[in-house]
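Notes to accompany the following structure.
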Amino acid sequence: MKNLKYWLLAAVFSLAGTTLVSCDDDDDNTTNPAEAMVAAHKSKDTAILLCTFGSTFKESIKTYDATVKEFEEAFPDADVYLSFTSYTCVNRVEAETGIVRYQPDLWLNAIGKAGYKKVAVQSLHIIPGEEYLNLMNYTVKKEFMIGKYPSVQVAKSTCLVYDEDDVNDVASVLYNNYKDKLADKKHILLLMGHGNPDKNYNANSKYSDTEAGLQALTPNKNAFVGTVDYGEMLFWPENGDPNPECVYSKLMKYCADNNLRPEEITISLAPFMSIAGDHAHNDLWGIEEGDDFSKADPEADACWRLKLLKMGFKIEMAESHNGGVDACTIKGLGDYASIRKIWINHLKEIYNDSDSWTTGEDYQ
């Protein structure tokens with residue numbers, strides 16, 4: 001019944017969600033569409049706002065539903081809401097999935113107006129990069145806590161890979177999922193993270209840390225992490241000069257160190273992202289690019305799958321595949337119950353700690 005209520009509410013407010021997105025309570029000419037949904041859902045004095053980048057892919061629905069459900073079960077004394085920090089995803093998601101999503105500022109203002117006494121904000125981002133910092137420092141702290149609702153108690157919970165313990169936990173989950181394949185020197189796990197293009201974001205180091213954590217568990221050191229947006233860890237650097245951290249260099253070095261040719265190696269491709277969304281389907285797997293890899297040189301504008309095939313590597317396919325791109329086996333981090341558990345544990349660590357809850361008045 002709870003899921004039915006969400007769908008009904010989404011249908012009722014879909015028009016408002018696509019045309020009226022202002023959350024300025026002082027502007028009488030605008031409406032916050034999240035207010036009606038919060039008012040209909042509110043049953044507790046504490047709210048949990050889950051914040052993810054977002055996805056327009058229908059496959060993401062089951063992942064988000066599972067995440068919300070597990071947080072509801074872990075925190076029965078709170079009402080749980082899900083937000084997208086990507087405005088692009090918010091604007092496009094209803095057309096693709098039929099579900100209305102809102103950004104964190106709309107949810108937070110609706111939560112504050114509804115009279116919640118406490119709000120826990122849980123990031124579902126992977127690394128503490130640009131999206132995460134903007135969420136916590138600007139949207140939550142400056143706009144909500146200091147600017148509009150200084151008396152509401154707020155607890156801010158960290159993203160997936162925030163510290164060394166997280167690195168080890170995430171590496172263990174991935175290793176346990178792929179350990180049978182990684183036992184074979186002729187099999188490689190290659191993960192694609194998003195990354196921040198600005199190298200000054202120390203968050204990018206979480207990718208290298210996770211790779212090191214995985215390799216510490218794998219005797220063959222055959223697990224690697226690259227990114228789609230961080231220069232040092234791209235498949236092929238933009239300046240055309242391969243560096244030791246780029247995907248191409250890592251793979252070729254592995255081949256040389258193990259006296260193997262690419263043709264002898266099978267690669268499992270997976271996104272190091274919460275959802276197997278746009279980057280996973282297009283930049284990693286290239287669903288729309290077909291199977292012709294003749295022009296997919298390492299420096300070409302092509303998906304990783306085709307570049308790897310061009311280099312001679314084999315790509316792991318679903319067992320029932322017919323040789324086409326419909327055989328992709330991509331799986332986002334949020335699809336692992338053990339990964340979702342890490343996020344839940346992050347919030348549990350601070351939820352019952354009174355010192356973790358602060359108000360906007362504390363900053364004044």
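By convention here, the chains of the structure tokens are called A, B, ... in the order presented, each chain's residues are numbered starting at 1, and ligands are numbered starting at 1 in the order presented.
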Item to check | Polymer residues at most 9 Å from stretch 334-338 of chain A, only C-alpha atoms, same-chain spacing of 4 or more positions, as a PyMOL selection string | outcome: chain A and resi 60+62-64+66-67+124+170+173+273-276+342
Write the selection just made, keeping all heavy atoms, as a CSV table (one decimal), in the first residue's frame?
```csv
chain,number,residue,atom,x,y,z
A,60,SER,N,16.9,1.8,-12.8
A,60,SER,CA,17.3,2.3,-11.5
A,60,SER,C,16.2,2.3,-10.4
A,60,SER,O,16.4,2.4,-9.2
A,60,SER,CB,17.8,3.8,-11.6
A,60,SER,OG,16.7,4.6,-12.0
A,62,LYS,N,14.2,-0.1,-9.3
A,62,LYS,CA,14.3,-1.2,-8.3
A,62,LYS,C,15.4,-0.9,-7.3
A,62,LYS,O,15.3,-1.3,-6.1
A,62,LYS,CB,14.5,-2.5,-9.0
A,62,LYS,CG,15.8,-2.7,-9.8
A,62,LYS,CD,15.9,-4.1,-10.4
A,62,LYS,CE,17.1,-4.3,-11.2
A,62,LYS,NZ,18.4,-3.6,-10.9
A,63,THR,N,16.5,-0.3,-7.7
A,63,THR,CA,17.6,0.0,-6.8
A,63,THR,C,17.2,1.0,-5.8
A,63,THR,O,17.4,0.9,-4.6
A,63,THR,CB,18.8,0.5,-7.6
A,63,THR,OG1,19.1,-0.4,-8.6
A,63,THR,CG2,20.0,0.6,-6.7
A,64,TYR,N,16.5,2.1,-6.3
A,64,TYR,CA,16.1,3.2,-5.4
A,64,TYR,C,15.0,2.6,-4.4
A,64,TYR,O,15.0,3.0,-3.2
A,64,TYR,CB,15.5,4.3,-6.2
A,64,TYR,CG,16.6,5.1,-6.9
A,64,TYR,CD1,16.4,5.5,-8.2
A,64,TYR,CD2,17.9,5.4,-6.4
A,64,TYR,CE1,17.3,6.2,-9.0
A,64,TYR,CE2,18.8,6.0,-7.1
A,64,TYR,CZ,18.5,6.5,-8.4
A,64,TYR,OH,19.5,7.1,-9.1
A,66,ALA,N,14.6,-0.4,-3.3
A,66,ALA,CA,15.2,-1.3,-2.4
A,66,ALA,C,15.9,-0.5,-1.3
A,66,ALA,O,15.9,-0.8,-0.1
A,66,ALA,CB,16.2,-2.2,-3.0
A,67,THR,N,16.6,0.6,-1.7
A,67,THR,CA,17.3,1.5,-0.8
A,67,THR,C,16.4,2.1,0.2
A,67,THR,O,16.6,2.1,1.4
A,67,THR,CB,18.1,2.5,-1.6
A,67,THR,OG1,19.0,1.9,-2.5
A,67,THR,CG2,19.0,3.4,-0.6
A,124,LEU,N,24.0,9.4,-0.8
A,124,LEU,CA,24.1,8.2,-1.5
A,124,LEU,C,25.1,8.3,-2.6
A,124,LEU,O,25.2,7.5,-3.5
A,124,LEU,CB,22.8,7.7,-2.0
A,124,LEU,CG,21.7,7.4,-1.0
A,124,LEU,CD1,20.4,6.9,-1.7
A,124,LEU,CD2,22.2,6.4,0.0
A,170,VAL,N,34.2,-1.4,1.0
A,170,VAL,CA,33.7,-1.5,-0.4
A,170,VAL,C,34.6,-2.4,-1.2
A,170,VAL,O,34.1,-3.2,-2.0
A,170,VAL,CB,33.7,-0.1,-1.0
A,170,VAL,CG1,33.4,-0.1,-2.5
A,170,VAL,CG2,32.7,0.8,-0.3
A,173,VAL,N,33.4,-6.0,-0.5
A,173,VAL,CA,32.2,-6.3,-1.2
A,173,VAL,C,32.5,-6.7,-2.7
A,173,VAL,O,32.0,-7.7,-3.2
A,173,VAL,CB,31.2,-5.2,-1.1
A,173,VAL,CG1,30.0,-5.5,-2.0
A,173,VAL,CG2,30.7,-4.9,0.3
A,273,MET,N,29.7,3.3,-9.6
A,273,MET,CA,28.7,4.4,-9.4
A,273,MET,C,27.5,3.7,-8.7
A,273,MET,O,27.4,2.5,-8.8
A,273,MET,CB,28.3,5.0,-10.7
A,273,MET,CG,29.5,5.5,-11.6
A,273,MET,SD,28.9,6.1,-13.2
A,273,MET,CE,30.5,6.5,-14.0
A,274,SER,N,26.7,4.5,-8.1
A,274,SER,CA,25.6,3.9,-7.4
A,274,SER,C,24.6,3.2,-8.3
A,274,SER,O,24.0,2.2,-7.9
A,274,SER,CB,24.9,5.0,-6.5
A,274,SER,OG,24.3,6.0,-7.4
A,275,ILE,N,24.4,3.8,-9.5
A,275,ILE,CA,23.4,3.2,-10.4
A,275,ILE,C,24.1,2.9,-11.8
A,275,ILE,O,25.0,3.6,-12.2
A,275,ILE,CB,22.3,4.3,-10.7
A,275,ILE,CG1,21.5,4.5,-9.4
A,275,ILE,CG2,21.4,3.9,-11.8
A,275,ILE,CD1,20.7,3.3,-8.9
A,276,ALA,N,23.6,1.9,-12.4
A,276,ALA,CA,24.1,1.6,-13.8
A,276,ALA,C,23.2,2.4,-14.7
A,276,ALA,O,22.2,2.0,-15.3
A,276,ALA,CB,23.9,0.1,-14.1
A,342,ILE,N,26.3,-0.4,4.0
A,342,ILE,CA,27.4,0.5,4.4
A,342,ILE,C,26.7,1.9,4.6
A,342,ILE,O,27.0,2.6,5.6
A,342,ILE,CB,28.5,0.6,3.4
A,342,ILE,CG1,29.2,-0.8,3.3
A,342,ILE,CG2,29.5,1.7,3.7
A,342,ILE,CD1,30.3,-0.9,2.2
```
Applying 7 Å and only C-alpha atoms, which residues near A:Ala223 remain after dropping the ones on its own chain fewer than 3 positions away? List them as a PDB file with all heavy atoms, in the first residue's frame.
```pdb
ATOM      1  N   ILE A 188      40.252  -9.875 -15.646  1.00  0.00           N
ATOM      2  CA  ILE A 188      40.443  -8.559 -15.025  1.00  0.00           C
ATOM      3  C   ILE A 188      39.091  -7.946 -14.685  1.00  0.00           C
ATOM      4  O   ILE A 188      38.132  -8.059 -15.459  1.00  0.00           O
ATOM      5  CB  ILE A 188      41.215  -7.607 -15.972  1.00  0.00           C
ATOM      6  CG1 ILE A 188      42.686  -8.008 -16.053  1.00  0.00           C
ATOM      7  CG2 ILE A 188      41.089  -6.151 -15.533  1.00  0.00           C
ATOM      8  CD1 ILE A 188      43.490  -7.192 -17.056  1.00  0.00           C
ATOM      9  N   LEU A 189      39.017  -7.305 -13.533  1.00  0.00           N
ATOM     10  CA  LEU A 189      37.861  -6.497 -13.166  1.00  0.00           C
ATOM     11  C   LEU A 189      38.224  -5.039 -13.425  1.00  0.00           C
ATOM     12  O   LEU A 189      39.210  -4.531 -12.892  1.00  0.00           O
ATOM     13  CB  LEU A 189      37.504  -6.686 -11.690  1.00  0.00           C
ATOM     14  CG  LEU A 189      36.469  -5.691 -11.115  1.00  0.00           C
ATOM     15  CD1 LEU A 189      35.131  -5.829 -11.838  1.00  0.00           C
ATOM     16  CD2 LEU A 189      36.302  -5.903  -9.611  1.00  0.00           C
ATOM     17  N   LEU A 190      37.426  -4.370 -14.260  1.00  0.00           N
ATOM     18  CA  LEU A 190      37.665  -2.963 -14.573  1.00  0.00           C
ATOM     19  C   LEU A 190      36.435  -2.147 -14.191  1.00  0.00           C
ATOM     20  O   LEU A 190      35.335  -2.378 -14.707  1.00  0.00           O
ATOM     21  CB  LEU A 190      37.966  -2.789 -16.063  1.00  0.00           C
ATOM     22  CG  LEU A 190      38.203  -1.351 -16.548  1.00  0.00           C
ATOM     23  CD1 LEU A 190      39.337  -0.692 -15.775  1.00  0.00           C
ATOM     24  CD2 LEU A 190      38.481  -1.345 -18.044  1.00  0.00           C
ATOM     25  N   GLU A 211      41.092   1.021  -5.545  1.00  0.00           N
ATOM     26  CA  GLU A 211      41.858   0.105  -6.382  1.00  0.00           C
ATOM     27  C   GLU A 211      42.944  -0.591  -5.568  1.00  0.00           C
ATOM     28  O   GLU A 211      43.130  -1.815  -5.674  1.00  0.00           O
ATOM     29  CB  GLU A 211      42.485   0.865  -7.549  1.00  0.00           C
ATOM     30  CG  GLU A 211      43.329  -0.008  -8.459  1.00  0.00           C
ATOM     31  CD  GLU A 211      43.941   0.781  -9.608  1.00  0.00           C
ATOM     32  OE1 GLU A 211      43.214   1.099 -10.570  1.00  0.00           O
ATOM     33  OE2 GLU A 211      45.158   1.081  -9.532  1.00  0.00           O
ATOM     34  N   LEU A 214      41.369  -3.198  -3.356  1.00  0.00           N
ATOM     35  CA  LEU A 214      41.026  -4.404  -4.114  1.00  0.00           C
ATOM     36  C   LEU A 214      42.265  -5.237  -4.423  1.00  0.00           C
ATOM     37  O   LEU A 214      42.259  -6.460  -4.272  1.00  0.00           O
ATOM     38  CB  LEU A 214      40.345  -4.010  -5.426  1.00  0.00           C
ATOM     39  CG  LEU A 214      38.829  -3.858  -5.400  1.00  0.00           C
ATOM     40  CD1 LEU A 214      38.350  -3.148  -6.653  1.00  0.00           C
ATOM     41  CD2 LEU A 214      38.158  -5.219  -5.267  1.00  0.00           C
ATOM     42  N   GLN A 215      43.326  -4.573  -4.826  1.00  0.00           N
ATOM     43  CA  GLN A 215      44.540  -5.309  -5.179  1.00  0.00           C
ATOM     44  C   GLN A 215      45.195  -5.953  -3.958  1.00  0.00           C
ATOM     45  O   GLN A 215      45.879  -6.969  -4.081  1.00  0.00           O
ATOM     46  CB  GLN A 215      45.519  -4.374  -5.901  1.00  0.00           C
ATOM     47  CG  GLN A 215      45.012  -3.941  -7.267  1.00  0.00           C
ATOM     48  CD  GLN A 215      46.095  -3.318  -8.114  1.00  0.00           C
ATOM     49  OE1 GLN A 215      47.251  -3.236  -7.717  1.00  0.00           O
ATOM     50  NE2 GLN A 215      45.722  -2.867  -9.304  1.00  0.00           N
TER      51      GLN A 215
END
```
Checklist entry - Which one is closest to A:Gly115: A:Thr46, A:Glu73, A:Glu299, A:Phe313? Count only C-alpha atoms. => result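 Nearest candidate to A:Gly115 out of A:Thr46, A:Glu73, A:Glu299, A:Phe313: A:Thr46.
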Item to check | Which of stretch 57-248 of chain A fall in helix (DSSP H, G or I), as a ChimeraX atom specification | outcome: /A:60-74,87-97,104-114,130-148,164-182,202-217,231-233,247-248
Checklist outcome for this item: Correct to one decimal, the distance atom CA of A:Gln153-atom CA of A:Asn134 is 19.5 Å
Next on the checklist: Please extract the residues of stretch 230-359 of chain A with a backbone DSSP assignment of strand (DSSP E or B) and present them as a list in words.
Outcome noted: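 After running DSSP on the backbone, stretch 230-359 of chain A has strand (DSSP E or B) at Thr266, Ile267, Ser268, Leu269, Ala270, Pro271, Lys314, Ile315 and Thr358 of chain A.
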Can I get the selection written as a PDB file, in the first residue's frame, with C-alpha atoms?
```
ATOM      1  CA  THR A 266      38.674 -11.467 -20.375  1.00  0.00           C
ATOM      2  CA  ILE A 267      37.511  -8.259 -18.703  1.00  0.00           C
ATOM      3  CA  SER A 268      34.484  -7.783 -16.448  1.00  0.00           C
ATOM      4  CA  LEU A 269      33.201  -4.219 -16.827  1.00  0.00           C
ATOM      5  CA  ALA A 270      31.260  -2.554 -14.019  1.00  0.00           C
ATOM      6  CA  PRO A 271      30.416   0.998 -12.952  1.00  0.00           C
ATOM      7  CA  LYS A 314      37.587 -10.199 -24.552  1.00  0.00           C
ATOM      8  CA  ILE A 315      34.574  -8.841 -22.632  1.00  0.00           C
ATOM      9  CA  THR A 358      23.144  20.349  15.183  1.00  0.00           C
TER      10      THR A 358
END
```
Next on the checklist: Just want the 10 Å neighbourhood of stretch 81-86 of chain A, counted on only C-alpha atoms, with same-chain residues fewer than 5 positions away dropped. Output as an NGL selection string.
Outcome noted: :A and (37-38 or 41 or 47-55 or 64-65 or 67-68 or 71-72 or 91 or 93 or 101-108 or 111 or 121-125 or 131-132 or 134-135 or 139)
